[in-house]
file coords02.pdb (PDB, C-alpha atoms)
ATOM      1  CA  MET A   1      -0.409 -11.667   0.364
ATOM      2  CA  VAL A   2       0.916  -8.824   2.514
ATOM      3  CA  LEU A   3       3.087  -9.290   5.591
ATOM      4  CA  TYR A   4       2.270  -7.281   8.687
ATOM      5  CA  HIS A   5       4.879  -6.123  11.194
ATOM      6  CA  GLY A   6       6.156  -8.100  14.159
ATOM      7  CA  ILE A   7       8.355 -10.707  12.448
ATOM      8  CA  ASP A   8      10.787 -12.106  15.009
ATOM      9  CA  SER A   9      13.160 -14.306  13.020
ATOM     10  CA  GLY A  10      14.390 -15.419   9.637
ATOM     11  CA  ASP A  11      12.795 -18.829  10.131
ATOM     12  CA  GLU A  12       9.425 -17.165  10.674
ATOM     13  CA  LEU A  13       9.822 -14.972   7.591
ATOM     14  CA  ARG A  14      10.921 -17.941   5.479
ATOM     15  CA  ASN A  15       7.834 -19.872   6.538
ATOM     16  CA  TYR A  16       5.488 -17.027   5.588
ATOM     17  CA  ALA A  17       7.105 -16.877   2.165
ATOM     18  CA  ARG A  18       6.980 -20.646   1.710
ATOM     19  CA  VAL A  19       3.292 -21.047   2.509
ATOM     20  CA  ALA A  20       2.281 -18.177   0.197
ATOM     21  CA  GLU A  21       4.394 -19.460  -2.679
ATOM     22  CA  GLU A  22       3.247 -23.062  -2.282
ATOM     23  CA  ALA A  23      -0.390 -21.938  -2.139
ATOM     24  CA  GLY A  24      -0.003 -20.309  -5.559
ATOM     25  CA  PHE A  25      -0.237 -16.623  -4.692
ATOM     26  CA  ASP A  26       1.094 -14.274  -7.376
ATOM     27  CA  SER A  27       2.931 -11.854  -5.115
ATOM     28  CA  LEU A  28       4.086 -11.245  -1.549
ATOM     29  CA  TRP A  29       4.325  -7.649  -0.305
ATOM     30  CA  VAL A  30       5.932  -5.973   2.669
ATOM     31  CA  THR A  31       4.927  -2.578   4.003
ATOM     32  CA  GLU A  32       7.244   0.145   5.281
ATOM     33  CA  ARG A  33       6.407   1.368   8.735
ATOM     34  CA  TYR A  34       9.006   3.485  10.410
ATOM     35  CA  PHE A  35      10.811   2.132  13.453
ATOM     36  CA  HIS A  36       9.678  -1.416  12.668
ATOM     37  CA  GLU A  37      11.388  -4.007  10.440
ATOM     38  CA  GLU A  38      13.350  -2.433   7.577
ATOM     39  CA  THR A  39      11.687  -3.356   4.315
ATOM     40  CA  PHE A  40      14.580  -3.728   1.886
ATOM     41  CA  SER A  41      16.269  -6.104   4.340
ATOM     42  CA  LEU A  42      13.090  -8.189   4.469
ATOM     43  CA  LEU A  43      12.824  -8.223   0.684
ATOM     44  CA  GLY A  44      16.434  -9.336   0.241
ATOM     45  CA  PHE A  45      15.785 -12.252   2.574
ATOM     46  CA  LEU A  46      12.547 -13.102   0.758
ATOM     47  CA  ALA A  47      14.338 -13.049  -2.603
ATOM     48  CA  ALA A  48      16.667 -15.780  -1.329
ATOM     49  CA  ALA A  49      13.859 -17.739   0.342
ATOM     50  CA  THR A  50      11.551 -17.948  -2.715
ATOM     51  CA  GLN A  51      11.696 -19.027  -6.351
ATOM     52  CA  ARG A  52       8.576 -17.894  -8.189
ATOM     53  CA  ILE A  53       6.428 -15.464  -6.244
ATOM     54  CA  ARG A  54       6.785 -11.764  -7.075
ATOM     55  CA  LEU A  55       8.005  -9.483  -4.287
ATOM     56  CA  GLY A  56       6.406  -6.098  -3.742
ATOM     57  CA  LEU A  57       7.240  -3.084  -1.601
ATOM     58  CA  GLY A  58       4.164  -1.172  -0.542
ATOM     59  CA  VAL A  59       5.457   1.500  -0.044
ATOM     60  CA  THR A  60       8.615   3.539   0.444
ATOM     61  CA  ASN A  61       8.865   7.310  -0.041
ATOM     62  CA  PRO A  62      11.127   9.735  -1.939
ATOM     63  CA  TYR A  63      12.110  11.762   1.115
ATOM     64  CA  THR A  64      14.031   9.251   3.189
ATOM     65  CA  ARG A  65      15.452   7.628   0.024
ATOM     66  CA  ASN A  66      16.428   9.758  -2.937
ATOM     67  CA  PRO A  67      16.158   8.355  -6.485
ATOM     68  CA  ALA A  68      19.783   7.198  -6.659
ATOM     69  CA  LEU A  69      19.561   5.168  -3.446
ATOM     70  CA  MET A  70      16.104   3.888  -4.358
ATOM     71  CA  GLY A  71      17.314   2.924  -7.821
ATOM     72  CA  MET A  72      20.279   1.040  -6.357
ATOM     73  CA  SER A  73      17.977  -0.870  -4.017
ATOM     74  CA  ALA A  74      15.368  -1.657  -6.675
ATOM     75  CA  ALA A  75      17.886  -2.803  -9.274
ATOM     76  CA  THR A  76      19.715  -4.966  -6.738
ATOM     77  CA  LEU A  77      16.514  -6.627  -5.514
ATOM     78  CA  ASP A  78      15.390  -7.266  -9.062
ATOM     79  CA  ARG A  79      18.768  -8.847  -9.835
ATOM     80  CA  ILE A  80      18.921 -11.154  -6.847
ATOM     81  CA  SER A  81      15.264 -12.172  -7.234
ATOM     82  CA  GLY A  82      15.603 -12.931 -10.935
ATOM     83  CA  GLY A  83      13.285 -10.145 -12.085
ATOM     84  CA  ARG A  84      10.502 -10.469  -9.502
ATOM     85  CA  PHE A  85      10.537  -7.076  -7.773
ATOM     86  CA  LEU A  86       7.651  -4.552  -7.722
ATOM     87  CA  LEU A  87       8.423  -1.058  -6.391
ATOM     88  CA  GLY A  88       5.704   0.892  -4.597
ATOM     89  CA  LEU A  89       6.116   4.588  -3.811
ATOM     90  CA  GLY A  90       4.047   6.819  -1.564
ATOM     91  CA  ARG A  91       4.423  10.364  -0.355
ATOM     92  CA  SER A  92       4.197   9.547   3.376
ATOM     93  CA  ASP A  93       3.002  12.579   5.376
ATOM     94  CA  LYS A  94       4.306  15.775   6.908
ATOM     95  CA  TRP A  95       3.846  14.556  10.469
ATOM     96  CA  MET A  96       6.254  11.654   9.894
ATOM     97  CA  ILE A  97       8.790  13.235   7.536
ATOM     98  CA  GLU A  98       9.109  16.581   9.297
ATOM     99  CA  GLY A  99       7.793  15.790  12.750
ATOM    100  CA  ARG A 100       9.582  12.494  13.395
ATOM    101  CA  MET A 101      12.385  12.261  10.826
ATOM    102  CA  GLY A 102      13.377  15.949  10.872
ATOM    103  CA  MET A 103      13.383  16.350   7.076
ATOM    104  CA  PRO A 104      11.563  19.047   5.083
ATOM    105  CA  TYR A 105       8.345  17.928   3.407
ATOM    106  CA  GLU A 106       7.815  19.945   0.243
ATOM    107  CA  ARG A 107       5.422  19.725  -2.728
ATOM    108  CA  PRO A 108       4.758  16.000  -2.354
ATOM    109  CA  LEU A 109       2.977  15.385  -5.666
ATOM    110  CA  ASP A 110       5.604  17.264  -7.678
ATOM    111  CA  HIS A 111       8.264  15.353  -5.793
ATOM    112  CA  MET A 112       6.615  12.024  -6.590
ATOM    113  CA  LYS A 113       6.285  12.854 -10.274
ATOM    114  CA  GLU A 114       9.924  13.888 -10.513
ATOM    115  CA  THR A 115      11.074  10.814  -8.613
ATOM    116  CA  VAL A 116       9.263   8.427 -10.966
ATOM    117  CA  ALA A 117      10.805  10.130 -14.003
ATOM    118  CA  ARG A 118      14.349   9.991 -12.602
ATOM    119  CA  LEU A 119      13.938   6.411 -11.421
ATOM    120  CA  ARG A 120      12.940   5.304 -14.888
ATOM    121  CA  GLN A 121      16.057   6.948 -16.331
ATOM    122  CA  LEU A 122      18.352   5.437 -13.720
ATOM    123  CA  LEU A 123      16.882   1.952 -14.029
ATOM    124  CA  ALA A 124      17.321   2.180 -17.800
ATOM    125  CA  GLY A 125      21.045   2.766 -17.276
ATOM    126  CA  GLU A 126      21.009   6.449 -18.198
ATOM    127  CA  ARG A 127      23.269   9.075 -16.667
ATOM    128  CA  VAL A 128      21.194  11.641 -14.782
ATOM    129  CA  SER A 129      22.021  15.225 -13.851
ATOM    130  CA  THR A 130      19.023  17.201 -12.674
ATOM    131  CA  ALA A 131      17.718  19.464  -9.943
ATOM    132  CA  GLY A 132      14.620  17.951  -8.381
ATOM    133  CA  VAL A 133      12.037  19.348  -5.979
ATOM    134  CA  TYR A 134      14.009  18.032  -3.038
ATOM    135  CA  TRP A 135      17.433  16.920  -4.308
ATOM    136  CA  ASP A 136      20.078  17.436  -6.990
ATOM    137  CA  LEU A 137      21.559  14.554  -8.946
ATOM    138  CA  LYS A 138      24.958  15.205 -10.513
ATOM    139  CA  ALA A 139      26.123  12.820 -13.225
ATOM    140  CA  VAL A 140      24.567   9.822 -11.449
ATOM    141  CA  ARG A 141      24.543   6.494 -13.240
ATOM    142  CA  LEU A 142      23.815   3.088 -11.751
ATOM    143  CA  ALA A 143      26.400   0.345 -12.174
ATOM    144  CA  VAL A 144      23.651  -2.266 -11.753
ATOM    145  CA  THR A 145      20.454  -2.497 -13.783
ATOM    146  CA  PRO A 146      17.315  -4.587 -13.180
ATOM    147  CA  VAL A 147      16.523  -7.848 -14.914
ATOM    148  CA  GLN A 148      13.104  -6.548 -15.950
ATOM    149  CA  GLU A 149      13.254  -4.311 -18.993
ATOM    150  CA  SER A 150      10.734  -2.000 -17.328
ATOM    151  CA  LEU A 151      10.614  -2.553 -13.584
ATOM    152  CA  PRO A 152       7.014  -1.869 -12.471
ATOM    153  CA  ILE A 153       6.524   1.267 -10.381
ATOM    154  CA  TYR A 154       3.323   1.549  -8.335
ATOM    155  CA  LEU A 155       2.104   4.759  -6.728
ATOM    156  CA  ALA A 156       0.053   4.813  -3.553
ATOM    157  CA  ALA A 157      -2.914   7.163  -3.885
ATOM    158  CA  ILE A 158      -6.084   8.155  -2.086
ATOM    159  CA  GLY A 159      -7.175  11.656  -3.158
ATOM    160  CA  PRO A 160      -8.042  12.807  -6.692
ATOM    161  CA  LYS A 161      -4.709  14.527  -7.418
ATOM    162  CA  ALA A 162      -2.661  11.520  -6.400
ATOM    163  CA  LEU A 163      -4.965   9.141  -8.290
ATOM    164  CA  ARG A 164      -4.625  11.204 -11.440
ATOM    165  CA  LEU A 165      -0.840  11.383 -11.093
ATOM    166  CA  ALA A 166      -0.748   7.602 -10.811
ATOM    167  CA  GLY A 167      -2.911   7.257 -13.901
ATOM    168  CA  ALA A 168      -0.579   9.542 -15.827
ATOM    169  CA  VAL A 169       2.826   8.109 -14.896
ATOM    170  CA  ALA A 170       2.678   4.791 -12.981
ATOM    171  CA  ASP A 171       2.577   1.146 -14.015
ATOM    172  CA  GLY A 172       0.263   0.379 -11.127
ATOM    173  CA  VAL A 173      -1.710   2.008  -8.346
ATOM    174  CA  LEU A 174      -1.766   0.933  -4.710
ATOM    175  CA  LEU A 175      -5.109   1.979  -3.292
ATOM    176  CA  ASN A 176      -5.189   2.747   0.401
ATOM    177  CA  ALA A 177      -5.981  -0.017   2.862
ATOM    178  CA  TYR A 178      -9.395   0.411   4.504
ATOM    179  CA  VAL A 179     -11.277   1.537   1.402
ATOM    180  CA  PRO A 180     -14.832   0.443   0.561
ATOM    181  CA  ALA A 181     -15.542  -1.088  -2.819
ATOM    182  CA  SER A 182     -17.616   1.956  -3.790
ATOM    183  CA  TYR A 183     -14.532   4.154  -3.281
ATOM    184  CA  VAL A 184     -12.637   1.839  -5.647
ATOM    185  CA  ARG A 185     -15.123   2.562  -8.434
ATOM    186  CA  TYR A 186     -14.500   6.285  -8.006
ATOM    187  CA  ALA A 187     -10.716   5.799  -7.900
ATOM    188  CA  VAL A 188     -10.667   3.660 -11.044
ATOM    189  CA  GLN A 189     -12.567   6.359 -12.949
ATOM    190  CA  GLU A 190     -10.052   9.022 -11.893
ATOM    191  CA  ILE A 191      -7.096   6.821 -12.832
ATOM    192  CA  ALA A 192      -8.564   5.914 -16.206
ATOM    193  CA  ALA A 193      -9.378   9.538 -17.079
ATOM    194  CA  ALA A 194      -5.834  10.654 -16.281
ATOM    195  CA  ALA A 195      -4.359   7.773 -18.261
ATOM    196  CA  ARG A 196      -6.386   8.672 -21.340
ATOM    197  CA  GLU A 197      -5.375  12.344 -21.027
ATOM    198  CA  ALA A 198      -1.737  11.235 -20.952
ATOM    199  CA  GLY A 199      -2.209   9.103 -24.062
ATOM    200  CA  ARG A 200      -2.015   5.843 -22.130
ATOM    201  CA  ASP A 201      -4.217   2.759 -22.165
ATOM    202  CA  PRO A 202      -6.029   2.589 -18.777
ATOM    203  CA  ALA A 203      -6.056  -1.191 -19.052
ATOM    204  CA  SER A 204      -2.255  -1.211 -18.868
ATOM    205  CA  ILE A 205      -2.329   0.108 -15.278
ATOM    206  CA  ASP A 206      -2.529  -2.556 -12.569
ATOM    207  CA  ILE A 207      -5.058  -1.570  -9.897
ATOM    208  CA  ALA A 208      -3.899  -3.076  -6.600
ATOM    209  CA  CYS A 209      -5.637  -2.639  -3.272
ATOM    210  CA  MET A 210      -4.667  -3.793   0.204
ATOM    211  CA  LEU A 211      -7.628  -5.497   1.847
ATOM    212  CA  ILE A 212      -7.613  -5.863   5.616
ATOM    213  CA  VAL A 213      -8.632  -9.452   6.398
ATOM    214  CA  ARG A 214     -10.284 -10.536   9.632
ATOM    215  CA  LEU A 215     -11.255 -14.180   9.302
ATOM    216  CA  THR A 216     -13.808 -15.065  11.961
ATOM    217  CA  ASP A 217     -17.006 -17.001  12.594
ATOM    218  CA  ASP A 218     -18.047 -14.331  15.109
ATOM    219  CA  PRO A 219     -17.841 -10.861  13.496
ATOM    220  CA  ALA A 220     -19.772  -9.239  16.351
ATOM    221  CA  ARG A 221     -16.983 -10.073  18.785
ATOM    222  CA  MET A 222     -14.471  -8.136  16.681
ATOM    223  CA  MET A 223     -16.656  -5.080  16.099
ATOM    224  CA  PRO A 224     -15.548  -2.949  19.104
ATOM    225  CA  ALA A 225     -11.823  -3.190  18.288
ATOM    226  CA  LEU A 226     -12.384  -2.621  14.570
ATOM    227  CA  LYS A 227     -14.564   0.421  15.234
ATOM    228  CA  GLU A 228     -11.863   1.916  17.430
ATOM    229  CA  ARG A 229      -9.328   1.413  14.637
ATOM    230  CA  MET A 230     -11.709   3.125  12.230
ATOM    231  CA  VAL A 231     -11.941   6.137  14.545
ATOM    232  CA  ARG A 232      -8.158   6.548  14.239
ATOM    233  CA  LEU A 233      -8.354   6.195  10.464
ATOM    234  CA  LEU A 234     -11.204   8.652   9.931
ATOM    235  CA  ALA A 235      -9.779  11.192  12.365
ATOM    236  CA  GLU A 236      -6.988  11.887   9.857
ATOM    237  CA  PRO A 237      -7.692  15.171   8.028
ATOM    238  CA  PHE A 238      -8.704  14.737   4.380
ATOM    239  CA  VAL A 239      -8.521  10.934   4.578
ATOM    240  CA  GLY A 240     -11.779  10.695   6.512
ATOM    241  CA  GLU A 241     -13.610  13.002   4.104
ATOM    242  CA  VAL A 242     -12.459  11.140   0.992
ATOM    243  CA  LEU A 243     -13.163   7.655   2.306
ATOM    244  CA  LEU A 244     -16.610   8.401   3.688
ATOM    245  CA  GLU A 245     -17.869  10.579   0.858
ATOM    246  CA  ARG A 246     -16.565   8.338  -1.919
ATOM    247  CA  GLY A 247     -17.365   5.220   0.076
ATOM    248  CA  GLY A 248     -21.050   6.042   0.321
ATOM    249  CA  PHE A 249     -21.188   7.201   3.952
ATOM    250  CA  ASP A 250     -21.984  10.550   5.576
ATOM    251  CA  PRO A 251     -18.840  12.651   6.190
ATOM    252  CA  GLY A 252     -20.976  14.851   8.452
ATOM    253  CA  ILE A 253     -20.018  12.619  11.391
ATOM    254  CA  LEU A 254     -16.382  13.682  11.191
ATOM    255  CA  PRO A 255     -16.409  16.930  13.228
ATOM    256  CA  SER A 256     -18.085  15.149  16.132
ATOM    257  CA  LEU A 257     -15.883  12.058  15.762
ATOM    258  CA  ARG A 258     -12.686  14.099  15.803
ATOM    259  CA  ALA A 259     -13.739  16.334  18.663
ATOM    260  CA  THR A 260     -14.813  13.363  20.768
ATOM    261  CA  ALA A 261     -11.657  11.370  20.024
ATOM    262  CA  GLU A 262      -9.453  14.334  20.901
ATOM    263  CA  SER A 263     -11.226  15.271  24.131
ATOM    264  CA  LYS A 264     -12.332  11.899  25.463
ATOM    265  CA  GLY A 265     -10.300   9.298  23.577
ATOM    266  CA  GLU A 266     -10.946   7.033  20.609
ATOM    267  CA  LYS A 267     -13.158   4.569  22.484
ATOM    268  CA  ALA A 268     -15.597   7.365  23.270
ATOM    269  CA  ALA A 269     -16.165   7.950  19.552
ATOM    270  CA  VAL A 270     -16.881   4.370  18.474
ATOM    271  CA  ASP A 271     -20.662   4.880  18.682
ATOM    272  CA  LEU A 272     -20.348   7.046  15.552
ATOM    273  CA  ILE A 273     -19.037   4.049  13.605
ATOM    274  CA  THR A 274     -21.773   1.713  12.388
ATOM    275  CA  ASP A 275     -21.533  -2.018  11.770
ATOM    276  CA  ALA A 276     -22.174  -1.304   8.079
ATOM    277  CA  MET A 277     -19.100   0.915   7.929
ATOM    278  CA  VAL A 278     -16.892  -1.779   9.423
ATOM    279  CA  GLU A 279     -18.276  -4.361   7.017
ATOM    280  CA  ALA A 280     -17.516  -2.029   4.086
ATOM    281  CA  PHE A 281     -13.959  -1.198   5.165
ATOM    282  CA  TYR A 282     -12.825  -4.713   6.179
ATOM    283  CA  LEU A 283     -12.964  -8.241   4.821
ATOM    284  CA  LEU A 284     -14.754  -9.520   7.910
ATOM    285  CA  GLY A 285     -16.305 -12.951   8.367
ATOM    286  CA  ASP A 286     -15.696 -16.569   7.446
ATOM    287  CA  ALA A 287     -13.848 -17.700   4.322
ATOM    288  CA  SER A 288     -16.987 -17.701   2.182
ATOM    289  CA  GLU A 289     -17.840 -14.121   3.154
ATOM    290  CA  CYS A 290     -14.271 -12.912   2.610
ATOM    291  CA  ARG A 291     -14.183 -14.512  -0.831
ATOM    292  CA  ARG A 292     -17.492 -12.848  -1.664
ATOM    293  CA  ARG A 293     -16.058  -9.480  -0.652
ATOM    294  CA  ILE A 294     -12.904 -10.049  -2.718
ATOM    295  CA  GLY A 295     -15.259 -10.580  -5.640
ATOM    296  CA  GLU A 296     -16.908  -7.219  -4.913
ATOM    297  CA  TYR A 297     -13.542  -5.478  -5.113
ATOM    298  CA  ARG A 298     -12.723  -7.228  -8.368
ATOM    299  CA  GLU A 299     -16.063  -6.133  -9.828
ATOM    300  CA  ALA A 300     -15.322  -2.567  -8.688
ATOM    301  CA  GLY A 301     -12.075  -2.582 -10.678
ATOM    302  CA  VAL A 302      -9.344  -4.114  -8.527
ATOM    303  CA  ASP A 303      -7.021  -6.245 -10.663
ATOM    304  CA  ASN A 304      -4.741  -7.277  -7.829
ATOM    305  CA  PRO A 305      -6.284  -7.797  -4.364
ATOM    306  CA  LEU A 306      -3.528  -7.745  -1.712
ATOM    307  CA  LEU A 307      -4.673  -9.604   1.390
ATOM    308  CA  LEU A 308      -3.409  -8.221   4.702
ATOM    309  CA  PRO A 309      -4.260 -10.370   7.750
ATOM    310  CA  ARG A 310      -2.705 -10.196  11.196
ATOM    311  CA  LEU A 311       0.454 -12.303  11.463
ATOM    312  CA  GLU A 312      -1.254 -14.738  13.838
ATOM    313  CA  ASP A 313      -3.917 -15.329  11.172
ATOM    314  CA  TYR A 314      -1.560 -15.347   8.182
ATOM    315  CA  GLU A 315      -1.393 -19.091   7.559
ATOM    316  CA  SER A 316      -5.122 -19.605   8.056
ATOM    317  CA  ALA A 317      -5.809 -16.753   5.598
ATOM    318  CA  VAL A 318      -3.456 -18.315   3.049
ATOM    319  CA  GLU A 319      -5.201 -21.649   3.406
ATOM    320  CA  ALA A 320      -8.733 -20.263   3.357
ATOM    321  CA  LEU A 321      -8.356 -17.607   0.662
ATOM    322  CA  GLY A 322      -5.589 -18.923  -1.568
ATOM    323  CA  PRO A 323      -6.012 -19.386  -5.335
ATOM    324  CA  ARG A 324      -8.206 -22.277  -6.326
ATOM    325  CA  PRO A 325      -7.518 -24.625  -9.272
TER     326      PRO A 325
END
call {"tool": "encode", "arguments": {"input": "coords02.pdb", "output": "structure tokens"}}
result
Amino acid sequence: MVLYHGIDSGDELRNYARVAEEAGFDSLWVTERYFHEETFSLLGFLAAATQRIRLGLGVTNPYTRNPALMGMSAATLDRISGGRFLLGLGRSDKWMIEGRMGMPYERPLDHMKETVARLRQLLAGERVSTAGVYWDLKAVRLAVTPVQESLPIYLAAIGPKALRLAGAVADGVLLNAYVPASYVRYAVQEIAAAAREAGRDPASIDIACMLIVRLTDDPARMMPALKERMVRLLAEPFVGEVLLERGGFDPGILPSLRATAESKGEKAAVDLITDAMVEAFYLLGDASECRRRIGEYREAGVDNPLLLPRLEDYESAVEALGPRP
């Protein structure tokens, strides 16, 4: 399960953790969204509130947290959770890092690769002195190490370069939310090819994918709002092209979609989004339909479906889609 933003209290957070753990889910993830709840604080609370379920971060980035700080956080969370932490890294984007946070955004893929390498050294208890793409570490050594001998590091990826980097260096891959199953087949091929080139077994890489869940007996009622959300998603440069082309849809709609959204607003562009697109990008429908779609993602190559409902639907999603004996 994945927790969305808008958590108001510790009691609420504890309840979300309890119902997921009691239902038998393997892991519970939190996302990092700037200016909302701070993720490492949430994960520390969840470590104390749970016993068995693994705790994932999907994802933080190597700009706002350098490897030493990230290593401290990861090792501490793994310690207090008894070896249950999963670390997800993503490169964020220039608009957020430079535009909102006021930090330079340089060579993101090189930065990610370097960060993974240094994190592995730090988490293994090694002393690190190195000049990175974005930072210098000078005789840094962690005084705390994780419980897990090799703490799993996941990389978020959407385009071919990021997918291949993940296949070469990561323990797992976090595929972008809002991806069709046909995109997953493409992504898995890229990851596997890069793993083989790096001398790794592709089967050793956990393919995780966040799946946006909208449980409903009336999908038509939700269509307008979901189409508007898809306009925002596809208006992003590069993201729209990759998702439509690799997802089996025509990227030729994008110039018109973006121009319309910019000049007239997102609602004016929803006519360019078809029902079939929404059905491919979301888990939309009753429990039976959502389970069928989870099966499609598994067949496409997803090892670890991460279910992301709205908070108001969280408990019903747990009950309807939880593991079965």
call {"tool": "resolve_selection", "arguments": {"input": "coords02.pdb", "expression": "the PyMOL selection byres ((chain A and resi 89) around 9)", "output": "ChimeraX atom specification"}}
result
/A:57-62,87-88,90-92,112,116,153-156,174
call {"tool": "resolve_selection", "arguments": {"input": "coords02.pdb", "expression": "the PyMOL selection byres ((chain A and resi 127-143) around 12)", "output": "VMD selection string"}}
result
chain A and resid 62 to 76 103 to 126 144 to 146
call {"tool": "residues_around", "arguments": {"input": "coords02.pdb", "residues": "Ala194 of chain A", "least_positions_apart": "5", "cutoff": "9 Å", "atoms": "all atoms listed in the file", "output": "MDAnalysis selection string"}}
result
chainID A and resid 163:168 189 199:200 202
call {"tool": "residues_around", "arguments": {"input": "coords02.pdb", "residues": "Gly295 of chain A", "least_positions_apart": "4", "cutoff": "12 Å", "atoms": "all atoms listed in the file", "output": "number ranges by chain"}}
result
A: 181, 211, 283, 288-291, 299-305, 321
call {"tool": "atom_distance", "arguments": {"input": "coords02.pdb", "atom1": "atom CA of Leu86 of chain A", "atom2": "atom CA of Gly172 of chain A"}}
result
9.5 Å
call {"tool": "residues_around", "arguments": {"input": "coords02.pdb", "residues": "Phe249 of chain A", "least_positions_apart": "3", "cutoff": "12 Å", "atoms": "all atoms listed in the file", "output": "short mmCIF file (atom, residue, chain, number, x, y, z; two decimals) with C-alpha atoms, in the frame of the given file"}}
result
data_model
loop_
_atom_site.label_atom_id
_atom_site.label_comp_id
_atom_site.auth_asym_id
_atom_site.auth_seq_id
_atom_site.Cartn_x
_atom_site.Cartn_y
_atom_site.Cartn_z
CA VAL A 179 -11.28 1.54 1.40
CA PRO A 180 -14.83 0.44 0.56
CA SER A 182 -17.62 1.96 -3.79
CA TYR A 183 -14.53 4.15 -3.28
CA LEU A 234 -11.20 8.65 9.93
CA GLY A 240 -11.78 10.70 6.51
CA GLU A 241 -13.61 13.00 4.10
CA VAL A 242 -12.46 11.14 0.99
CA LEU A 243 -13.16 7.66 2.31
CA LEU A 244 -16.61 8.40 3.69
CA GLU A 245 -17.87 10.58 0.86
CA ARG A 246 -16.57 8.34 -1.92
CA GLY A 252 -20.98 14.85 8.45
CA ILE A 253 -20.02 12.62 11.39
CA LEU A 254 -16.38 13.68 11.19
CA LEU A 272 -20.35 7.05 15.55
CA ILE A 273 -19.04 4.05 13.60
CA THR A 274 -21.77 1.71 12.39
CA ALA A 276 -22.17 -1.30 8.08
CA MET A 277 -19.10 0.92 7.93
CA VAL A 278 -16.89 -1.78 9.42
CA ALA A 280 -17.52 -2.03 4.09
CA PHE A 281 -13.96 -1.20 5.16
#
call {"tool": "atom_distance", "arguments": {"input": "coords02.pdb", "atom1": "atom CA of Ile7 of chain A", "atom2": "atom CA of Glu22 of chain A"}}
result
19.9 Å
call {"tool": "resolve_selection", "arguments": {"input": "coords02.pdb", "expression": "the PyMOL selection byres ((chain A and resi 26) around 12)", "output": "number ranges by chain"}}
result
A: 1-2, 17, 20-25, 27-29, 51-56, 84-86, 303-307, 322-323
call {"tool": "axis_aligned_box", "arguments": {"input": "coords02.pdb", "around": "segment 15-32 of chain A", "padding_each_side": "8 Å", "output": "JSON"}}
result
{"center_x": 3.7, "center_y": -11.5, "center_z": -0.4, "size_x": 24.2, "size_y": 39.2, "size_z": 29.9}
call {"tool": "residues_around", "arguments": {"input": "coords02.pdb", "residues": "Asp271 of chain A", "least_positions_apart": "5", "cutoff": "10 Å", "atoms": "all atoms listed in the file", "output": "number ranges by chain"}}
result
A: 224, 227-228, 231, 257
call {"tool": "closest_residue", "arguments": {"input": "coords02.pdb", "among": "A:Arg258, A:Arg185, A:Arg293, A:Lys161", "to": "Ile212 of chain A", "atoms": "all atoms listed in the file"}}
result
A:Arg293
call {"tool": "atom_distance", "arguments": {"input": "coords02.pdb", "atom1": "atom CA of Leu308 of chain A", "atom2": "atom CA of Gly99 of chain A"}}
result
27.7 Å
call {"tool": "closest_residue", "arguments": {"input": "coords02.pdb", "among": "A:Val30, A:Leu46, A:Ala208, A:Val147", "to": "Arg79 of chain A", "atoms": "only C-alpha atoms"}}
result
A:Val147
call {"tool": "closest_residue", "arguments": {"input": "coords02.pdb", "among": "A:Tyr297, A:Arg232, A:Gly82, A:Val213", "to": "Lys267 of chain A", "atoms": "all atoms listed in the file"}}
result
A:Arg232
call {"tool": "closest_residue", "arguments": {"input": "coords02.pdb", "among": "A:Ile80, A:Ala48, A:Ala235, A:Met222", "to": "Gly265 of chain A", "atoms": "all atoms listed in the file"}}
result
A:Ala235
call {"tool": "closest_residue", "arguments": {"input": "coords02.pdb", "among": "A:Phe45, A:Tyr314, A:Phe35, A:Tyr282", "to": "Arg14 of chain A", "atoms": "only C-alpha atoms"}}
result
A:Phe45
call {"tool": "closest_residue", "arguments": {"input": "coords02.pdb", "among": "A:Leu151, A:Val19, A:Leu311, A:Cys209", "to": "Arg298 of chain A", "atoms": "only C-alpha atoms"}}
result
A:Cys209
